[in-house]
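Report on the structure given below.
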Amino acid sequence: MNGPMPFLQVLPYQTSMNPKYVAPIAVLIGMVVVLRIYLTWKETRKTATKKQKAPVRGEVPHSTQVQETVSSKELKAVSKLFSFTAEQSEFFAKICKKKNIIHPAQFIQDKAAVDALFTSLLHELEVAAASRESERQKTLVFFIREAIDNRRKAGELISSTRALKTGIGFSMTVESGEQYQSAVTENSTEGIQCLIPRDLFGNELRLPIRSQLELFFTGAGGQSYRCKTKILQYRSHRTGTHFLLAHTDSVTALPNRKHDRKSIQVECTFCHVTVANVVNGKKTEHKFFPSKKTYPGLIHDISAGGCSISVSEQLPIGEYLQIQCILMPGNTDTIIGKVVRITGEVGTGDLNMHIQFAKMPRVTMNRIYSIIYHREGTR
């Protein structure tokens, strides 16, 4: 073809989308991209945190440890239960914090754990340099230990004769003041059935119905009790005649010996002491002046509150005395006490003075506690 080329018209490219929708779509795409980036970053951070918190086998990272605190509510309950003084309560709280005892009320119920704790505490104090403060802390340890032991021995107190077990023995005081021994043969809702005691001539003691009696008996843990009751009736039994006593819900627990006693054999000397009151400003102090005349004796039992001494010469009841002895090798101990009771007679070889301690150095008291708790060699 030699003729002219046909007209060729070039048209511009036209999209099928309306231009007014381009901007919103671009914004939407941008938001999706930003959201995706944010989610990826968050997931990466979460994974990194988990790796950081994951403990190494056999090791607890310090940064993730949660340190529990000692229960203040349980500390108060324990202090109230054992009648701790303010000083003892504060010291016990420090022990719990130091030894990480979070629940002291639960801890004290574990006898083995309590024994191990106090053994450890005393060992720490004994290996430390001797000082007034270490002796003070040692005394507090013994006081707290003793309070816990005494409460454990008492157990649950009896408040009613309905709790008496068959076979338990008791002493009873009749209206004339005479005392007799008997035992429970049966305890029922009707009352306490008991053996009729016999007098010095072997005759059954026949008291009138409704006669008033005072009973004394010992329960679990050595806790002593007393109560008043009356005779309801007599009953024939295959083992003899029994009487039935009325129940009472007014059983009274008697004070127990505050301090445990330990049987020992320690020679001592003692002498009479004159007591003088010396006024020093607003304070009145007791001064003790021992006599030069001394007597030999043998301490055969001891506690933190007193002792018993076998003697050949006695001091009057109510008199003060000074005792010197060696409780542990290498240490001479001096104790001031008061004669509260005397048993036996002069010349029989069985004369004993029972002493209530009045004054002693703290270190001596700690030695006595060490003897009671079988901790030999304590300084």
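Chains: A, B, ... in order of the structure tokens. Residues: from 1 per chain. Ligands: from 1, in order shown.
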Within 9 Å of Ala147 of chain A, counting only C-alpha atoms, which residues qualify if same-chain residues fewer than 3 places away don't, as an mmCIF file with N, CA and C atoms, in the first residue's frame?
data_model
loop_
_atom_site.group_PDB
_atom_site.id
_atom_site.type_symbol
_atom_site.label_atom_id
_atom_site.label_comp_id
_atom_site.auth_asym_id
_atom_site.auth_seq_id
_atom_site.Cartn_x
_atom_site.Cartn_y
_atom_site.Cartn_z
ATOM 1 N N PHE A 82 1.037 -18.189 124.357
ATOM 2 C CA PHE A 82 2.086 -18.553 125.304
ATOM 3 C C PHE A 82 2.373 -17.460 126.325
ATOM 4 N N SER A 83 1.568 -16.395 126.311
ATOM 5 C CA SER A 83 1.722 -15.290 127.281
ATOM 6 C C SER A 83 3.133 -14.717 127.261
ATOM 7 N N PHE A 84 3.657 -14.495 126.063
ATOM 8 C CA PHE A 84 4.979 -13.886 125.938
ATOM 9 C C PHE A 84 4.950 -12.452 126.456
ATOM 10 N N PHE A 142 15.657 -19.639 126.062
ATOM 11 C CA PHE A 142 15.207 -20.622 127.054
ATOM 12 C C PHE A 142 13.797 -20.303 127.551
ATOM 13 N N PHE A 143 13.498 -19.022 127.805
ATOM 14 C CA PHE A 143 12.169 -18.632 128.271
ATOM 15 C C PHE A 143 11.096 -19.025 127.255
ATOM 16 N N ILE A 144 11.355 -18.720 125.984
ATOM 17 C CA ILE A 144 10.378 -19.025 124.935
ATOM 18 C C ILE A 144 10.220 -20.536 124.786
ATOM 19 N N ASN A 150 5.733 -25.983 128.169
ATOM 20 C CA ASN A 150 4.710 -26.040 129.219
ATOM 21 C C ASN A 150 3.311 -26.080 128.626
ATOM 22 N N ARG A 151 3.087 -25.294 127.583
ATOM 23 C CA ARG A 151 1.770 -25.267 126.949
ATOM 24 C C ARG A 151 1.484 -26.601 126.267
ATOM 25 N N ARG A 152 2.514 -27.192 125.679
ATOM 26 C CA ARG A 152 2.336 -28.470 125.000
ATOM 27 C C ARG A 152 2.000 -29.573 126.006
ATOM 28 N N LYS A 258 5.908 -24.061 137.179
ATOM 29 C CA LYS A 258 6.288 -23.226 136.039
ATOM 30 C C LYS A 258 7.547 -23.725 135.361
#
Please extract the residues of segment 274-322 of chain A with a backbone DSSP assignment of strand (DSSP E or B) and present them as a PyMOL selection string. chain A and resi 274-280+283-290+295-302+306-311+320-322
DSSP says alpha helix (DSSP H) for which residues of segment 67-165 of chain A? Put them as a ChimeraX atom specification? /A:72-81,86-98,104-107,111-127,132-154
Take the selection from the previous step and output its residues with C-alpha atoms, as a PDB file, in the first residue's frame.
ATOM      1  CA  SER A  72       1.821 -10.702 111.809  1.00  0.00           C
ATOM      2  CA  LYS A  73      -1.584 -12.139 112.704  1.00  0.00           C
ATOM      3  CA  GLU A  74      -0.023 -15.497 113.594  1.00  0.00           C
ATOM      4  CA  LEU A  75       2.764 -13.784 115.557  1.00  0.00           C
ATOM      5  CA  LYS A  76       0.156 -12.045 117.713  1.00  0.00           C
ATOM      6  CA  ALA A  77      -1.766 -15.301 118.175  1.00  0.00           C
ATOM      7  CA  VAL A  78       1.377 -17.176 119.251  1.00  0.00           C
ATOM      8  CA  SER A  79       2.398 -14.428 121.682  1.00  0.00           C
ATOM      9  CA  LYS A  80      -1.065 -14.482 123.233  1.00  0.00           C
ATOM     10  CA  LEU A  81      -1.202 -18.286 123.414  1.00  0.00           C
ATOM     11  CA  ALA A  86       6.760  -7.688 125.019  1.00  0.00           C
ATOM     12  CA  GLU A  87      10.484  -8.481 124.960  1.00  0.00           C
ATOM     13  CA  GLN A  88       9.877 -12.165 124.238  1.00  0.00           C
ATOM     14  CA  SER A  89       7.341 -11.343 121.497  1.00  0.00           C
ATOM     15  CA  GLU A  90       9.788  -9.002 119.789  1.00  0.00           C
ATOM     16  CA  PHE A  91      12.597 -11.550 120.015  1.00  0.00           C
ATOM     17  CA  PHE A  92      10.394 -14.358 118.664  1.00  0.00           C
ATOM     18  CA  ALA A  93       9.368 -12.154 115.723  1.00  0.00           C
ATOM     19  CA  LYS A  94      13.044 -11.551 114.921  1.00  0.00           C
ATOM     20  CA  ILE A  95      13.704 -15.298 115.042  1.00  0.00           C
ATOM     21  CA  CYS A  96      10.848 -15.981 112.607  1.00  0.00           C
ATOM     22  CA  LYS A  97      12.108 -13.321 110.212  1.00  0.00           C
ATOM     23  CA  LYS A  98      15.707 -14.525 110.415  1.00  0.00           C
ATOM     24  CA  PRO A 104       4.734 -19.377 113.176  1.00  0.00           C
ATOM     25  CA  ALA A 105       1.394 -20.734 114.434  1.00  0.00           C
ATOM     26  CA  GLN A 106       1.816 -23.789 112.216  1.00  0.00           C
ATOM     27  CA  PHE A 107       5.527 -24.075 112.940  1.00  0.00           C
ATOM     28  CA  LYS A 111       7.858 -30.506 117.946  1.00  0.00           C
ATOM     29  CA  ALA A 112      10.844 -31.781 115.959  1.00  0.00           C
ATOM     30  CA  ALA A 113      11.126 -28.496 114.055  1.00  0.00           C
ATOM     31  CA  VAL A 114      10.879 -26.475 117.275  1.00  0.00           C
ATOM     32  CA  ASP A 115      13.583 -28.587 118.944  1.00  0.00           C
ATOM     33  CA  ALA A 116      15.861 -28.205 115.913  1.00  0.00           C
ATOM     34  CA  LEU A 117      15.312 -24.439 115.819  1.00  0.00           C
ATOM     35  CA  PHE A 118      16.204 -23.842 119.463  1.00  0.00           C
ATOM     36  CA  THR A 119      19.191 -26.183 119.268  1.00  0.00           C
ATOM     37  CA  SER A 120      20.448 -24.175 116.301  1.00  0.00           C
ATOM     38  CA  LEU A 121      19.852 -20.825 118.025  1.00  0.00           C
ATOM     39  CA  LEU A 122      21.672 -21.877 121.183  1.00  0.00           C
ATOM     40  CA  HIS A 123      24.587 -23.240 119.177  1.00  0.00           C
ATOM     41  CA  GLU A 124      24.912 -19.914 117.351  1.00  0.00           C
ATOM     42  CA  LEU A 125      24.917 -18.022 120.654  1.00  0.00           C
ATOM     43  CA  GLU A 126      27.397 -20.380 122.297  1.00  0.00           C
ATOM     44  CA  VAL A 127      29.991 -20.166 119.517  1.00  0.00           C
ATOM     45  CA  ARG A 132      25.972  -9.539 128.158  1.00  0.00           C
ATOM     46  CA  GLU A 133      23.874  -9.360 124.994  1.00  0.00           C
ATOM     47  CA  SER A 134      24.520 -12.986 124.034  1.00  0.00           C
ATOM     48  CA  GLU A 135      23.553 -14.108 127.559  1.00  0.00           C
ATOM     49  CA  ARG A 136      20.394 -11.981 127.368  1.00  0.00           C
ATOM     50  CA  GLN A 137      19.418 -13.569 124.063  1.00  0.00           C
ATOM     51  CA  LYS A 138      20.211 -17.034 125.403  1.00  0.00           C
ATOM     52  CA  THR A 139      17.873 -16.433 128.348  1.00  0.00           C
ATOM     53  CA  LEU A 140      15.113 -15.315 125.971  1.00  0.00           C
ATOM     54  CA  VAL A 141      15.582 -18.482 123.915  1.00  0.00           C
ATOM     55  CA  PHE A 142      15.207 -20.622 127.054  1.00  0.00           C
ATOM     56  CA  PHE A 143      12.169 -18.632 128.271  1.00  0.00           C
ATOM     57  CA  ILE A 144      10.378 -19.025 124.935  1.00  0.00           C
ATOM     58  CA  ARG A 145      11.295 -22.706 124.710  1.00  0.00           C
ATOM     59  CA  GLU A 146      10.000 -23.307 128.239  1.00  0.00           C
ATOM     60  CA  ALA A 147       6.707 -21.507 127.541  1.00  0.00           C
ATOM     61  CA  ILE A 148       6.099 -23.626 124.434  1.00  0.00           C
ATOM     62  CA  ASP A 149       6.970 -26.858 126.267  1.00  0.00           C
ATOM     63  CA  ASN A 150       4.710 -26.040 129.219  1.00  0.00           C
ATOM     64  CA  ARG A 151       1.770 -25.267 126.949  1.00  0.00           C
ATOM     65  CA  ARG A 152       2.336 -28.470 125.000  1.00  0.00           C
ATOM     66  CA  LYS A 153       2.378 -30.536 128.200  1.00  0.00           C
ATOM     67  CA  ALA A 154      -0.859 -29.008 129.437  1.00  0.00           C
TER      68      ALA A 154
END
Determine the nearest neighbour of Leu207 of chain A from the options A:Asp350, A:Asp260, A:Glu319, A:Glu175, counting only C-alpha atoms. A:Glu175
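Rounded to one decimal, atom CA of Asn331 of chain A and atom CA of Ser131 of chain A lie 15.9 Å from each other.
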By how many Å are atom CA of Pro208 of chain A and atom CA of Val184 of chain A apart? 19.5 Å
